[in-house]
Amino acid sequence: MSGEMMTIAPLLTVIFGAVAVLIADMVVPARRYTPIAVALAALGAAAVFITAQGGGVTIALAGAYVTGPFVSYLGLLGITVTTITLLMTPDHVGDRGYPTAEFASILLFALAGAILVAASTDLVTLFIGLELLVIPGYLLAGYAKRDPLSTEGAVKYFLLGSFSSAILLFGIVLLWGSSGTASLSGIAAALASGSATPALAVALALITTGASFKIAAVPFHYWTPDAYQGSPTPITGYLSVGPKVGAFALAIKLFLVALAPLALLWVPVVAVLAAATMTLGNLVALTQLNVKRMLAYSSIAHTGYLMVGLVAAGLGEVAGISGILFYGAAYAFMNLGAFAVLTAIQGRPGSTTQLSDLAGLGRRHPLLAILAAVFLLSLTGIPPTAGFFAKAYVILAAVQAGGAAALLAIVAVLNAAVAACYYLRVIIYLFMREPAEPPVEVATPPLLRIGLILAAIGTIALGLAPTLLIEAVARAIAP
Amino acid sequence: MPLPPTIPFIGITWADALFLLLGGVVLGSATLVVLGRDIIRNGLMLILTLGALAGIYVVLGASIVAGAQVLVYIGAISVLILFAIMLTQSKSASAQLNFQTQALPAALASALIGILLAVALGATQWGSTVYNDTPDPAGTATAAAVLFGPWLLAFEVASVLILAAVIGGIYLAMKPAESEEIEA
């Protein structure tokens with residue numbers, strides 16, 4: 001294979017995999033696991049290609065696609081997220097009468113978009129990658145198409161997502177117009193030598209708004225609770241992790257590469273948004289009785305923590321970027337795990353995810369309840385789980401950046417304390433409440449079990465030995 | 001007899017006058033698309049908007065973009081939209097659109113953003129920017145060379161994006177087969 005082919009091989013493998021899934025479903029129709037197996041094989045092949053690249057910087061297609069440790073890290077993280085989602089979902093949607101082939105295919109397309117966002121070097125490829133990442137998300141949100149809640153959530157997600165894409169695109173066009181180039185590094189160079197113009201200020205405002213929609217930052221979060229609550233539970237888990245990590249890759253590219261010379265202009269805005277996002281997400285999560293909706297608001301709060309890393313990085317603290325990358329991996333494992341548990345307690349189609357449904361789970365299904373507790377403790381940020389180090393790295397980066405970022409670190413710590421209330425309340429329900437009558441029907445089909453175990457291993461391993469990933473993260477951000 | 005370089009008495013160039021005229025048509029017809037209550041007429045107004053936009057491209061010298069605009073947007077997408085409207089309209093439902101109650105706040109917000117954009121873009125000195133990766137918009141050969149050179153990846157991935165959207169769209173629109181019909 002030529003060098004250039006090798007460079008884009010992971011992207012091509014994922015795209016061909018998405019098509020192969022549908023072809024397999026056409027040859028052997030209406031099998032629940034065949035499409036999943038094909039998709040997993042494609043993911044495995046893509047992971048092999050990424051590993052074979054060895055993290056060296058390679059350039060393909062006239063510089064439009066550049067791989068390196070950063071792309072490898074995000075690519076492998078995306079493959080992990082997609083793998084766990086593929087394991088969690090088929091029985092949940094299959095039992096409700098929906099096919100698995102289209103799901104697996106669309107999910108792979110989204111992964112291709114995420115890889116493209118990470119590997120892009122110009123505004124055009126970056127934007128198309130983002131769309132390839134989020135448009136499958138709209139479709140997945142409405143995957144339970146005979147469920148009005150799913151369709152409602154998907155329509156809200158689609159409309160607000162399309163508007164935010166348009167806003168972002170308008171900002172991107174003005175940025176191109178102001179700097180005269182679409183290349184991310186070229187923009188940084190042009191901005192560093194030029195002066196700030198009114199058009200540039202508008203571009204910055206529009207890009208900040210659009211990106212805030214994509215990462216679900218307050219006050220651009222209104223689509224999140226409905227889209228997350230309406231989607232099939234395992235797909236909600238994916239939506240709260242995959243597109244979010246991809247959107248942060250976009251934020252790193254736009255704010256920390258292209259707009260780096262304007263950091264003094266956007267850092268205060270992002271800092272205020274981060275504080276608002278953490279605080280509002282946590283306070284509203286406190287009042288939720290539906291665990292799925294609670295996790296939707298908690299997902300908004302986690303966006304806020306990730307933005308703390310963005311602020312620190314904007315102030316020149318490189319540890320901010322590594323904080324975001326580590327947080328992304330930790331959040332992927334613990335949040336997918338939490339949603340896998342919710343998927344398990346929805347063994348019967350039509351069952352809910354109220355807090356009372358979890359009551360007494362520790363007595364009837366001790367293993368599942370213990371796993372749930374691990375994921376919730378990690379989301380709270382209690383050692384020795386992945387969530388502790390994720391929060392620690394982001395907050396430490398903010399403290400090191402100093403100034404207003406240190407204030408933001410204090411807000412983040414206070415918020416972590418507030419968040420403990422609602423996560424621990426679920427644990428109290430799991431172990432200290434009488435089981436509901438009639439008891440909820442728990443189903444843990446083999447694939448879901450593997451997904452749960454993978455998420456648990458990730459959550460605990462990153463908590464016990466965070467250095468394993470820290471080295472990869474350090475390589476990923478090395479210049 | 002050649003035309004004078006500017007319009008007599010008013011003193012603006014012909015290109016500027018055409019631009020203003022077409023811009024007015026774009027804005028007026030776009031407003032009608034949003035405000036009209038008959039959805040078929042809204043669709044027809046959209047064609048007028050897109051056509052006037054193609055005219056603006058011609059005035060600016062981007063003849064290929066204008067051609068693509070006519071072929072793709074007016075030729076294909078508008079017809080598709082009209083077909084979609086006709087196929088999805090049932091006899092029982094009215095063809096009239098319901099107006100949102102938030103129309104006034106939305107109009108105020110749009111006007112505010114519009115004024116802000118106009119002021120900011122008008123106050124910016126655009127002349128100093130150097131555009132180094134933009135080809136001559138009128139040259140077919142240079143446009144093709146750029147499209148299949150530096151922008152090849154974006155160009156190809158756009159088709160992957162469309163494929164993903166089509167697969168998802170077909171799934172959402174597809175009626176369930178007998179075997180996967182679930183009991184209510």
# chains A, B, ... in the order shown; residues from 1 in each chain; ligands from 1
>>> residues_around(residues="range 105-115 of chain B", least_positions_apart="2", cutoff="12 Å", atoms="only C-alpha atoms", output="PyMOL selection string")
(chain A and resi 167+202+205-206) or (chain B and resi 27+31+34-35+99-103+117-122)
>>> interface_residues(of="chain A", to="chain B", cutoff="9 Å", atoms="only C-alpha atoms", output="ChimeraX atom specification")
/A:15,18,61-65,96-99,102-103,105-106,109-110,113,124-126,128-129,131-133,135-136,139-140,142-143,145,176-182,197-202
>>> write_last_selection(atoms="C-alpha atoms", output="mmCIF file, in the first residue's frame")
data_model
loop_
_atom_site.group_PDB
_atom_site.id
_atom_site.type_symbol
_atom_site.label_atom_id
_atom_site.label_comp_id
_atom_site.auth_asym_id
_atom_site.auth_seq_id
_atom_site.Cartn_x
_atom_site.Cartn_y
_atom_site.Cartn_z
ATOM 1 C CA ILE A 15 -16.598 4.278 5.195
ATOM 2 C CA ALA A 18 -20.561 1.324 6.638
ATOM 3 C CA LEU A 61 -4.351 14.375 -0.522
ATOM 4 C CA ALA A 62 -2.343 17.556 -1.001
ATOM 5 C CA GLY A 63 -2.301 18.360 2.690
ATOM 6 C CA ALA A 64 -6.073 18.145 3.196
ATOM 7 C CA TYR A 65 -5.708 15.132 5.498
ATOM 8 C CA ARG A 96 -38.518 -3.211 19.944
ATOM 9 C CA GLY A 97 -38.871 -4.276 16.313
ATOM 10 C CA TYR A 98 -36.234 -2.055 14.689
ATOM 11 C CA PRO A 99 -33.481 -3.336 12.361
ATOM 12 C CA GLU A 102 -29.134 0.758 9.337
ATOM 13 C CA PHE A 103 -28.109 1.599 12.885
ATOM 14 C CA SER A 105 -24.124 1.627 9.087
ATOM 15 C CA ILE A 106 -25.113 5.137 10.200
ATOM 16 C CA PHE A 109 -20.548 7.042 8.975
ATOM 17 C CA ALA A 110 -20.566 9.198 12.113
ATOM 18 C CA GLY A 113 -16.953 12.162 10.309
ATOM 19 C CA VAL A 124 -13.992 23.176 4.391
ATOM 20 C CA THR A 125 -12.966 19.623 5.304
ATOM 21 C CA LEU A 126 -13.494 20.440 8.972
ATOM 22 C CA ILE A 128 -17.932 18.580 6.109
ATOM 23 C CA GLY A 129 -16.429 16.248 8.724
ATOM 24 C CA GLU A 131 -21.729 17.411 9.301
ATOM 25 C CA LEU A 132 -20.821 13.775 8.624
ATOM 26 C CA LEU A 133 -20.497 13.407 12.398
ATOM 27 C CA ILE A 135 -26.242 14.217 10.636
ATOM 28 C CA PRO A 136 -26.108 10.499 11.557
ATOM 29 C CA LEU A 139 -31.081 9.991 12.373
ATOM 30 C CA LEU A 140 -30.048 7.862 15.345
ATOM 31 C CA GLY A 142 -35.152 9.295 15.722
ATOM 32 C CA TYR A 143 -34.251 5.632 15.282
ATOM 33 C CA LYS A 145 -39.473 5.891 14.576
ATOM 34 C CA TRP A 176 -12.151 32.975 5.629
ATOM 35 C CA GLY A 177 -13.077 36.393 4.254
ATOM 36 C CA SER A 178 -11.092 38.146 6.970
ATOM 37 C CA SER A 179 -7.971 36.035 6.708
ATOM 38 C CA GLY A 180 -7.965 35.150 2.998
ATOM 39 C CA THR A 181 -7.249 31.450 3.493
ATOM 40 C CA ALA A 182 -9.146 28.332 4.526
ATOM 41 C CA THR A 197 -11.797 44.031 12.311
ATOM 42 C CA PRO A 198 -15.548 44.279 13.022
ATOM 43 C CA ALA A 199 -16.134 41.382 10.600
ATOM 44 C CA LEU A 200 -13.695 39.241 12.570
ATOM 45 C CA ALA A 201 -15.566 40.039 15.771
ATOM 46 C CA VAL A 202 -18.815 38.887 14.151
#
>>> atom_distance(atom1="CA of Lys391 in chain A", atom2="CA of Thr467 in chain A")
14.9 Å
>>> closest_residue(among="B:Gly28, B:Pro2, B:Gly43, B:Gly23", to="Tyr57 in chain B", atoms="only C-alpha atoms")
B:Gly23
>>> residues_around(residues="Leu447 in chain A", least_positions_apart="5", cutoff="9 Å", atoms="only C-alpha atoms", output="MDAnalysis selection string")
chainID A and resid 86:91 452
>>> atom_distance(atom1="CA of Ala114 in chain A", atom2="CA of Val81 in chain A")
11.3 Å
